[in-house]
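K.L.:
My structure file coords.cif, mmCIF, C-alpha atoms and all ligand atoms, is below:
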```
data_start
loop_
_atom_site.label_atom_id
_atom_site.label_comp_id
_atom_site.auth_asym_id
_atom_site.auth_seq_id
_atom_site.Cartn_x
_atom_site.Cartn_y
_atom_site.Cartn_z
CA MET G 166 3.70 -32.52 21.39
CA LEU G 167 7.46 -32.29 21.51
CA ARG G 168 8.95 -29.57 23.59
CA TRP G 169 11.10 -27.93 20.95
CA PHE G 170 13.13 -25.84 23.36
CA ARG G 171 14.61 -28.89 25.01
CA ARG G 172 16.09 -30.17 21.80
CA SER G 173 16.76 -27.27 19.45
CA ALA G 174 17.62 -23.61 19.37
CA ALA G 175 14.35 -22.44 17.88
CA PRO G 176 11.14 -23.84 16.44
CA THR G 177 11.39 -24.54 12.74
CA THR G 178 8.06 -25.79 11.46
CA ASN G 179 4.83 -23.83 11.62
CA ASP G 180 3.36 -26.33 14.08
CA GLU G 181 6.39 -26.03 16.33
CA TRP G 182 6.07 -22.25 16.39
CA LEU G 183 2.36 -22.37 17.14
CA ASP G 184 2.72 -25.01 19.84
CA ALA G 185 5.57 -23.17 21.47
CA LEU G 186 3.80 -19.81 21.43
CA ARG G 187 0.61 -21.32 22.81
CA GLY G 188 2.23 -23.49 25.45
CA PRO G 189 4.55 -23.30 28.42
CA ASP G 190 7.54 -22.58 26.16
CA ARG G 191 6.05 -19.30 25.08
CA ASP G 192 8.75 -17.07 26.54
CA GLN G 193 11.53 -19.06 24.92
CA ALA G 194 9.69 -18.95 21.61
CA LEU G 195 9.29 -15.19 21.88
CA ALA G 196 12.96 -14.90 22.72
CA ALA G 197 13.75 -16.87 19.57
CA LEU G 198 11.41 -14.86 17.36
CA ARG G 199 12.45 -11.41 18.55
CA PRO G 200 15.98 -11.35 17.06
CA ILE G 201 14.64 -12.70 13.75
CA LEU G 202 12.23 -9.78 13.52
CA VAL G 203 14.83 -7.28 14.68
CA ARG G 204 17.26 -8.47 12.02
CA GLY G 205 14.63 -8.18 9.31
CA LEU G 206 13.50 -4.75 10.46
CA ARG G 207 17.04 -3.42 10.64
CA ALA G 208 17.74 -4.54 7.10
CA ALA G 209 14.48 -3.32 5.63
CA PHE G 210 14.31 0.08 7.33
CA ARG G 211 17.85 1.22 7.96
CA ASP G 212 17.70 3.61 5.00
CA ARG G 213 14.52 5.22 6.28
CA VAL G 214 15.57 5.41 9.92
CA PRO G 215 19.32 5.92 9.61
CA HIS G 216 20.04 7.29 13.08
CA GLN G 217 17.83 5.29 15.43
CA ILE G 218 17.47 2.04 13.56
CA ASP G 219 18.34 -0.13 16.58
CA ALA G 220 15.76 1.47 18.85
CA PHE G 221 13.22 1.53 16.03
CA ALA G 222 13.70 -2.16 15.24
CA GLU G 223 13.47 -3.13 18.92
CA ASP G 224 10.30 -1.09 19.46
CA VAL G 225 8.56 -2.44 16.40
CA ALA G 226 9.62 -6.01 17.17
CA GLN G 227 8.21 -5.67 20.69
CA GLU G 228 4.88 -4.39 19.38
CA ALA G 229 4.85 -7.07 16.72
CA LEU G 230 5.40 -9.85 19.26
CA LEU G 231 2.39 -8.69 21.26
CA LYS G 232 0.27 -8.50 18.15
CA ILE G 233 1.45 -11.92 17.00
CA LEU G 234 0.51 -13.50 20.34
CA ASP G 235 -2.87 -11.83 20.13
CA HIS G 236 -3.55 -12.97 16.58
CA LEU G 237 -2.18 -16.50 16.42
CA ASP G 238 -5.59 -17.72 15.31
CA ALA G 239 -5.36 -15.51 12.23
CA PHE G 240 -2.35 -17.44 10.95
CA ARG G 241 -3.70 -19.50 8.05
CA GLY G 242 -0.67 -21.67 7.53
CA GLU G 243 -0.35 -20.67 3.87
CA ALA G 244 3.10 -19.19 4.47
CA ARG G 245 6.00 -19.92 6.75
CA PHE G 246 5.21 -18.78 10.27
CA THR G 247 8.19 -16.42 10.28
CA THR G 248 7.02 -14.85 7.01
CA TRP G 249 3.65 -14.18 8.61
CA ALA G 250 5.40 -12.67 11.64
CA HIS G 251 7.58 -10.45 9.43
CA LYS G 252 4.47 -9.29 7.60
CA ILE G 253 2.94 -8.08 10.85
CA ALA G 254 6.16 -6.32 11.81
CA ALA G 255 6.47 -4.71 8.37
CA ARG G 256 3.00 -3.23 8.58
CA LEU G 257 3.60 -1.91 12.10
CA ALA G 258 6.88 -0.32 11.03
CA LEU G 259 5.34 1.39 8.03
CA THR G 260 2.32 2.55 9.99
CA LYS G 261 4.68 4.30 12.41
CA LEU G 262 6.81 5.83 9.67
CA ARG G 263 3.82 7.02 7.69
CA ARG G 264 2.22 8.57 10.71
CA LYS G 265 5.43 10.40 11.56
CA ARG G 266 6.09 11.52 8.00
CA TRP G 267 2.59 12.98 7.58
CA GLU G 268 1.85 14.07 11.14
CA ASN G 269 1.69 17.78 10.36
CA VAL G 270 -0.22 17.56 7.10
CA SER G 271 -3.98 17.83 6.93
CA LEU G 272 -6.11 16.94 3.94
CA GLU G 273 -7.08 20.57 3.87
CA ASP G 274 -3.43 21.66 3.58
CA LEU G 275 -3.02 19.39 0.60
CA THR G 276 -6.07 20.38 -1.29
CA THR G 277 -6.52 24.05 -0.42
CA ARG G 278 -6.37 26.36 -3.39
CA ASP G 279 -5.20 29.93 -3.26
CA ASP G 280 -7.85 31.01 -5.72
CA ASP G 281 -11.59 30.51 -5.89
CA GLY G 282 -11.26 26.75 -5.97
CA ALA G 283 -11.42 26.42 -9.71
CA PRO G 284 -8.91 23.93 -11.08
CA ARG G 285 -6.04 25.53 -12.89
CA PRO G 286 -3.99 23.93 -15.60
CA HIS G 287 -0.42 23.18 -14.61
CA PRO G 288 2.05 25.67 -16.12
CA SER G 289 3.74 22.98 -18.14
CA LEU G 290 0.48 22.28 -19.92
CA THR G 291 0.25 25.80 -21.22
CA ASP G 292 3.78 27.13 -21.24
CA GLN G 293 5.29 24.49 -23.43
CA ALA G 294 6.09 25.76 -26.87
CA PRO G 295 4.96 24.55 -30.31
CA ARG G 296 3.04 21.36 -31.09
CA PRO G 297 -0.24 23.27 -30.92
CA ASP G 298 -2.34 20.29 -31.99
CA ASP G 299 -1.08 18.07 -29.18
CA GLN G 300 -1.49 20.96 -26.83
CA ALA G 301 -5.10 21.30 -27.79
CA THR G 302 -5.78 17.57 -27.41
CA LEU G 303 -4.17 17.38 -24.02
CA ALA G 304 -5.92 20.51 -22.81
CA HIS G 305 -9.17 18.96 -23.98
CA TYR G 306 -8.53 15.79 -21.96
CA VAL G 307 -7.67 17.83 -18.90
CA GLU G 308 -10.88 19.75 -19.22
CA VAL G 309 -13.04 16.67 -19.72
CA VAL G 310 -11.43 14.74 -16.89
CA GLN G 311 -11.84 17.65 -14.52
CA GLN G 312 -15.44 18.07 -15.52
CA VAL G 313 -16.16 14.38 -15.12
CA MET G 314 -14.51 14.34 -11.69
CA GLN G 315 -16.61 17.27 -10.62
CA GLN G 316 -19.83 15.64 -11.80
CA THR G 317 -19.18 12.02 -10.87
CA LEU G 318 -17.31 12.04 -7.57
CA THR G 319 -18.23 13.18 -4.11
CA GLU G 320 -16.16 15.88 -2.47
CA THR G 321 -14.58 13.25 -0.22
CA GLN G 322 -13.72 11.00 -3.13
CA ARG G 323 -12.06 13.90 -4.94
CA THR G 324 -10.10 14.90 -1.86
CA ALA G 325 -8.93 11.35 -1.22
CA LEU G 326 -8.02 10.80 -4.87
CA GLU G 327 -6.07 14.02 -4.97
CA ALA G 328 -4.22 13.27 -1.72
CA VAL G 329 -3.22 9.81 -2.95
CA MET G 330 -2.58 10.43 -6.65
CA GLN G 331 -1.15 13.90 -6.60
CA HIS G 332 0.49 14.22 -3.20
CA ASP G 333 1.43 10.60 -2.52
CA MET G 334 -0.25 10.55 0.85
CA PRO G 335 -0.58 6.90 1.91
CA ILE G 336 -4.12 5.49 1.74
CA THR G 337 -3.66 4.57 5.41
CA GLU G 338 -3.09 8.21 6.35
CA VAL G 339 -5.95 9.54 4.25
CA ALA G 340 -8.24 6.92 5.80
CA ARG G 341 -7.18 7.88 9.31
CA ARG G 342 -8.04 11.51 8.61
CA LEU G 343 -11.42 10.53 7.21
CA GLY G 344 -12.15 8.23 10.15
CA VAL G 345 -12.55 5.08 8.06
CA SER G 346 -10.48 1.94 7.72
CA ARG G 347 -7.93 1.66 4.96
CA ASN G 348 -9.92 -1.21 3.48
CA THR G 349 -13.03 0.97 3.29
CA LEU G 350 -11.15 3.84 1.71
CA TYR G 351 -9.63 1.51 -0.88
CA LYS G 352 -13.14 0.36 -1.80
CA ARG G 353 -14.36 3.94 -2.07
CA LEU G 354 -11.45 4.88 -4.29
CA HIS G 355 -12.12 1.79 -6.36
CA ASP G 356 -15.75 2.92 -6.77
CA ALA G 357 -14.48 6.36 -7.73
CA ARG G 358 -12.18 4.91 -10.40
CA LYS G 359 -14.97 2.72 -11.79
CA ASN G 360 -17.35 5.66 -11.95
CA LEU G 361 -14.80 7.92 -13.62
CA LYS G 362 -13.92 5.27 -16.15
CA ALA G 363 -17.58 4.72 -17.01
CA ALA G 364 -18.25 8.45 -17.28
CA LEU G 365 -15.30 8.91 -19.63
CA ARG G 366 -16.46 5.96 -21.69
CA GLU G 367 -19.86 7.64 -22.06
CA ARG G 368 -18.02 10.58 -23.57
CA GLY G 369 -16.17 8.27 -25.93
CA ILE G 370 -12.83 8.51 -24.15
CA ALA G 371 -10.73 5.52 -23.08
CA PRO G 372 -8.09 6.07 -20.38
CA GLU G 373 -5.53 4.45 -22.67
CA GLU G 374 -5.79 7.28 -25.19
CA ILE G 375 -5.25 9.89 -22.49
CA LEU G 376 -2.24 7.95 -21.30
CA ALA G 377 -0.84 7.71 -24.83
CA GLU G 378 -1.32 11.43 -25.31
CA VAL G 379 0.45 12.39 -22.07
CA GLU G 380 3.28 9.98 -22.66
CA ALA G 381 3.87 11.06 -26.22
CA ARG G 382 5.13 14.37 -24.91
CA MET T 340 -8.09 18.95 -8.37
CA PRO T 341 -5.57 20.65 -10.65
CA LEU T 342 -4.39 18.15 -13.21
CA ASP T 343 -0.73 18.50 -14.06
CA PRO T 344 0.59 16.07 -16.67
CA SER T 345 2.05 13.68 -14.14
CA THR T 346 -1.19 13.45 -12.14
CA LEU T 347 -3.21 13.07 -15.32
CA SER T 348 -0.90 10.30 -16.40
CA ARG T 349 -1.16 8.49 -13.06
CA LEU T 350 -4.90 8.85 -13.06
CA ALA T 351 -5.23 7.60 -16.62
CA ARG T 352 -3.02 4.63 -15.84
CA ALA T 353 -5.07 3.85 -12.72
CA LEU T 354 -8.28 4.03 -14.75
CA ALA T 355 -6.86 1.90 -17.56
CA THR T 356 -6.04 -0.89 -15.11
CA THR T 357 -9.22 -0.57 -13.05
CA GLN T 358 -11.15 -3.85 -12.88
CA PRO T 359 -14.73 -4.36 -11.75
CA ASP T 360 -13.78 -6.99 -9.18
CA GLU T 361 -10.64 -5.82 -7.40
CA ILE T 362 -9.86 -7.11 -3.94
CA ALA T 363 -9.19 -4.55 -1.20
CA CYS T 364 -6.35 -4.17 1.30
CA ASP T 365 -7.53 -6.62 3.98
CA GLU T 366 -7.68 -9.50 1.55
CA CYS T 367 -4.31 -8.58 0.12
CA PHE T 368 -2.74 -8.40 3.56
CA ALA T 369 -4.17 -11.78 4.51
CA ARG T 370 -2.29 -13.51 1.69
CA MET T 371 0.70 -11.26 1.13
CA ASP T 372 2.91 -13.62 3.15
CA ALA T 373 1.88 -16.60 1.03
CA PHE T 374 2.60 -14.53 -2.08
CA ALA T 375 6.06 -13.62 -0.77
CA ASP T 376 6.97 -17.22 0.06
CA LEU T 377 5.86 -18.41 -3.37
CA LEU T 378 7.86 -15.68 -5.05
CA LEU T 379 11.02 -16.31 -3.06
CA SER T 380 10.83 -20.04 -3.67
CA GLY T 381 10.73 -19.44 -7.40
CA LYS T 382 7.07 -20.37 -7.91
CA PRO T 383 4.83 -18.39 -10.27
CA ALA T 384 3.20 -16.30 -7.56
CA GLU T 385 1.58 -13.96 -10.10
CA GLU T 386 -0.24 -16.85 -11.75
CA LEU T 387 -1.13 -18.60 -8.51
CA LEU T 388 -2.43 -15.50 -6.75
CA PRO T 389 -3.35 -13.10 -9.59
CA LYS T 390 -5.64 -10.89 -7.52
CA ILE T 391 -2.99 -10.35 -4.89
CA HIS T 392 -0.52 -9.51 -7.63
CA ALA T 393 -2.92 -7.05 -9.22
CA HIS T 394 -3.62 -5.34 -5.90
CA LEU T 395 0.09 -5.03 -5.16
CA GLN T 396 0.54 -3.29 -8.51
CA ARG T 397 -2.27 -0.90 -7.77
CA CYS T 398 -2.16 -0.07 -4.08
CA PRO T 399 0.83 2.00 -2.96
CA ASP T 400 0.41 1.10 0.73
CA CYS T 401 0.22 -2.65 0.20
CA LYS T 402 3.04 -2.48 -2.31
CA GLU T 403 5.28 -0.69 0.17
CA GLU T 404 4.46 -3.22 2.87
CA PHE T 405 5.14 -6.08 0.51
CA GLU T 406 8.50 -4.67 -0.54
CA SER T 407 9.50 -4.22 3.09
CA LEU T 408 8.42 -7.79 3.77
CA LEU T 409 10.62 -9.04 0.93
CA ALA T 410 13.57 -7.05 2.28
CA MET T 411 13.02 -8.57 5.73
CA LEU T 412 12.82 -12.07 4.31
CA ARG T 413 15.94 -11.61 2.21
CA ALA T 414 17.85 -10.43 5.26
CA THR T 415 16.78 -13.33 7.45
CA GLY T 416 16.81 -16.20 4.97
ZN ZN G 501 -3.92 -2.21 -0.44
#
```
Turn the structure described in the file into structure tokens.

P.N.:
Amino acid sequence: MLRWFRRSAAPTTNDEWLDALRGPDRDQALAALRPILVRGLRAAFRDRVPHQIDAFAEDVAQEALLKILDHLDAFRGEARFTTWAHKIAARLALTKLRRKRWENVSLEDLTTRDDDGAPRPHPSLTDQAPRPDDQATLAHYVEVVQQVMQQTLTETQRTALEAVMQHDMPITEVARRLGVSRNTLYKRLHDARKNLKAALRERGIAPEEILAEVEAR
Amino acid sequence: MPLDPSTLSRLARALATTQPDEIACDECFARMDAFADLLLSGKPAEELLPKIHAHLQRCPDCKEEFESLLAMLRATG
């Protein structure tokens, strides 16, 4: 195989990248890949890390390079090699930012009630003035959905659903707190959605009509 | 879980788009790069990889990662 470093500034094709990273030109290939990742990270995350973007981009790029070297066999060749490398860096960057953003929040904090645990309607559901018919319909949906959630989902499913849907906690962070992988939690939430949908259907309610009702307001 | 209108709306939307055979995050991550390259080269990524597209619409974590990936690719050409 051609030694890319002798004739060009950086590998261009996927095969060139793989050969370089697996062979004696590895260090030069890493040196070529690093600034590409750093540039991408700086652009993508400078709004979220305004003050330490340089250090952040360098740290993430370094971690990404190690991961890339470790996982070269996972590259399927369906994308450009650099796209695959950026993907790994993007996930590492977001994993760091999510962890930092949510570090002091427990699932308990999010879902603790200050009353006896009974769900309470949001003020805007009850305080809004006229349109009593709509009010009644919406209140009915709220009641049914809450009942169905109580009967159909496990405590953990409810907690996870609430953290994700109501408090925007990343699935990754909920999964970490529950000690499962993100993939597993996604599947459990998917099961929860399927079960809820089926239970509502048994009561003659389609999610689309609830949606229409909420959005009509 | 107290259901305020915005949560109820998000939940209803999630249920309306729930499919029996969704892929999960690992499968999405495995092909997210291919999806991005197709999209940026003007190919119909949504038609070619419909399950990836559907997951990206549905999963906030994968969506965020995908959007960051696109921003990285746009910045580096
Ligand atoms: Zn996902």

K.L.:
Residues contacting ligand ZN 501 (chain G) - anything with an atom at most 7 Å away, using all atoms listed in the file - can you give me those as a list in words?

P.N.:
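Residues lying within 7 Å of ligand ZN 501 (chain G): Tyr351 of chain G; Ala363, Cys364, Cys367, His394, Leu395, Cys398, Pro399, Asp400 and Cys401 of chain T.
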
K.L.:
Quick one: which chain T residues come within 9 Å of chain G, and what is the nearest atom pair for each with the distance in Å to one decimal, counting only C-alpha atoms, rows ordered by chain and ascending number, as CSV?

P.N.:
```
residue,atom,partner,partner_atom,distance
T:Met340,CA,G:Pro284,CA,5.7
T:Pro341,CA,G:Pro284,CA,4.7
T:Leu342,CA,G:Pro286,CA,6.3
T:Asp343,CA,G:His287,CA,4.7
T:Pro344,CA,G:Val379,CA,6.5
T:Ser345,CA,G:Val379,CA,8.2
T:Thr346,CA,G:Gln331,CA,5.6
T:Leu347,CA,G:Val307,CA,7.4
T:Ser348,CA,G:Leu376,CA,5.6
T:Arg349,CA,G:Met330,CA,6.8
T:Leu350,CA,G:Met330,CA,7.0
T:Ala351,CA,G:Pro372,CA,5.0
T:Arg352,CA,G:Leu376,CA,6.4
T:Ala353,CA,G:Arg358,CA,7.6
T:Leu354,CA,G:Arg358,CA,5.9
T:Ala355,CA,G:Pro372,CA,5.2
T:Thr356,CA,G:Pro372,CA,9.0
T:Thr357,CA,G:Lys359,CA,6.7
T:Gln358,CA,G:Lys359,CA,7.7
T:Pro359,CA,G:Lys359,CA,7.1
T:Glu361,CA,G:His355,CA,7.8
T:Ile362,CA,G:Lys352,CA,8.4
T:Ala363,CA,G:Asn348,CA,5.8
T:Cys364,CA,G:Asn348,CA,5.1
T:Asp365,CA,G:Asn348,CA,5.9
T:Glu366,CA,G:Asn348,CA,8.8
T:Phe368,CA,G:Lys252,CA,8.3
T:Ala369,CA,G:Arg241,CA,8.5
T:Arg370,CA,G:Glu243,CA,7.7
T:Met371,CA,G:Lys252,CA,7.7
T:Asp372,CA,G:Trp249,CA,5.5
T:Ala373,CA,G:Ala244,CA,4.5
T:Phe374,CA,G:Ala244,CA,8.1
T:Ala375,CA,G:Thr248,CA,7.9
T:Asp376,CA,G:Ala244,CA,6.2
T:Leu377,CA,G:Ala244,CA,8.3
T:Cys398,CA,G:Tyr351,CA,8.3
T:Pro399,CA,G:Pro335,CA,7.1
T:Asp400,CA,G:Pro335,CA,6.0
T:Cys401,CA,G:Arg256,CA,8.8
T:Glu403,CA,G:Leu259,CA,8.1
T:Glu404,CA,G:Arg256,CA,5.9
T:Phe405,CA,G:Lys252,CA,7.8
T:Glu406,CA,G:Ala209,CA,8.7
T:Ser407,CA,G:Ala209,CA,5.7
T:Leu408,CA,G:Lys252,CA,5.7
T:Leu409,CA,G:Ala209,CA,8.3
T:Ala410,CA,G:Ala209,CA,5.1
T:Met411,CA,G:Gly205,CA,3.9
T:Leu412,CA,G:Gly205,CA,6.6
T:Arg413,CA,G:Gly205,CA,8.0
T:Ala414,CA,G:Gly205,CA,5.6
T:Thr415,CA,G:Gly205,CA,5.9
```

K.L.:
In Å, rounded to a single decimal, give me how far atom CA of G:Glu228 is from atom CA of G:Trp182.

P.N.:
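Straight-line distance from atom CA of G:Trp182 to atom CA of G:Glu228 works out to 18.1 Å.
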
K.L.:
Could you check how far atom CA of G:Leu198 sits from atom CA of G:Val214, in Å to one decimal?

P.N.:
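Separating atom CA of G:Leu198 from atom CA of G:Val214 is a distance of 22.0 Å.
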
K.L.:
How far is it from atom CA of G:Val225 to atom CA of T:Ala384, in Å with one decimal?

P.N.:
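The value is 28.2 Å.
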
K.L.:
Would you mind putting back N, CA, C and O atoms on stretch 205-218 of chain G, then writing it out as an mmCIF file, in the coordinates of the input?

P.N.:
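The result, stored in rebuild.cif:
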```
data_model
loop_
_atom_site.group_PDB
_atom_site.id
_atom_site.type_symbol
_atom_site.label_atom_id
_atom_site.label_comp_id
_atom_site.auth_asym_id
_atom_site.auth_seq_id
_atom_site.Cartn_x
_atom_site.Cartn_y
_atom_site.Cartn_z
ATOM 1 N N GLY G 205 15.383 -8.551 10.509
ATOM 2 C CA GLY G 205 14.630 -8.180 9.310
ATOM 3 C C GLY G 205 14.311 -6.695 9.278
ATOM 4 O O GLY G 205 14.493 -6.027 8.255
ATOM 5 N N LEU G 206 13.863 -6.168 10.396
ATOM 6 C CA LEU G 206 13.500 -4.750 10.460
ATOM 7 C C LEU G 206 14.712 -3.847 10.229
ATOM 8 O O LEU G 206 14.637 -2.849 9.511
ATOM 9 N N ARG G 207 15.829 -4.230 10.838
ATOM 10 C CA ARG G 207 17.040 -3.420 10.640
ATOM 11 C C ARG G 207 17.417 -3.357 9.171
ATOM 12 O O ARG G 207 17.765 -2.303 8.637
ATOM 13 N N ALA G 208 17.356 -4.498 8.522
ATOM 14 C CA ALA G 208 17.740 -4.540 7.100
ATOM 15 C C ALA G 208 16.760 -3.753 6.233
ATOM 16 O O ALA G 208 17.150 -3.002 5.349
ATOM 17 N N ALA G 209 15.480 -3.922 6.520
ATOM 18 C CA ALA G 209 14.480 -3.320 5.630
ATOM 19 C C ALA G 209 14.326 -1.821 5.835
ATOM 20 O O ALA G 209 13.940 -1.108 4.916
ATOM 21 N N PHE G 210 14.621 -1.330 7.040
ATOM 22 C CA PHE G 210 14.310 0.080 7.330
ATOM 23 C C PHE G 210 15.508 0.948 7.655
ATOM 24 O O PHE G 210 15.347 2.099 8.013
ATOM 25 N N ARG G 211 16.709 0.409 7.512
ATOM 26 C CA ARG G 211 17.850 1.220 7.960
ATOM 27 C C ARG G 211 18.021 2.467 7.090
ATOM 28 O O ARG G 211 18.479 3.489 7.583
ATOM 29 N N ASP G 212 17.600 2.414 5.830
ATOM 30 C CA ASP G 212 17.700 3.610 5.000
ATOM 31 C C ASP G 212 16.701 4.693 5.429
ATOM 32 O O ASP G 212 16.961 5.878 5.286
ATOM 33 N N ARG G 213 15.567 4.248 5.919
ATOM 34 C CA ARG G 213 14.520 5.220 6.280
ATOM 35 C C ARG G 213 14.666 5.720 7.708
ATOM 36 O O ARG G 213 14.073 6.741 8.062
ATOM 37 N N VAL G 214 15.367 4.986 8.530
ATOM 38 C CA VAL G 214 15.570 5.410 9.920
ATOM 39 C C VAL G 214 17.060 5.323 10.229
ATOM 40 O O VAL G 214 17.493 4.539 11.053
ATOM 41 N N PRO G 215 17.877 6.132 9.548
ATOM 42 C CA PRO G 215 19.320 5.920 9.610
ATOM 43 C C PRO G 215 19.910 6.080 11.012
ATOM 44 O O PRO G 215 20.860 5.399 11.365
ATOM 45 N N HIS G 216 19.362 6.979 11.821
ATOM 46 C CA HIS G 216 20.040 7.290 13.080
ATOM 47 C C HIS G 216 19.585 6.478 14.285
ATOM 48 O O HIS G 216 20.338 6.261 15.199
ATOM 49 N N GLN G 217 18.327 6.048 14.258
ATOM 50 C CA GLN G 217 17.830 5.290 15.430
ATOM 51 C C GLN G 217 17.337 3.912 15.029
ATOM 52 O O GLN G 217 16.365 3.420 15.575
ATOM 53 N N ILE G 218 18.015 3.298 14.076
ATOM 54 C CA ILE G 218 17.470 2.040 13.560
ATOM 55 C C ILE G 218 17.397 0.962 14.641
ATOM 56 O O ILE G 218 16.449 0.168 14.658
#
```
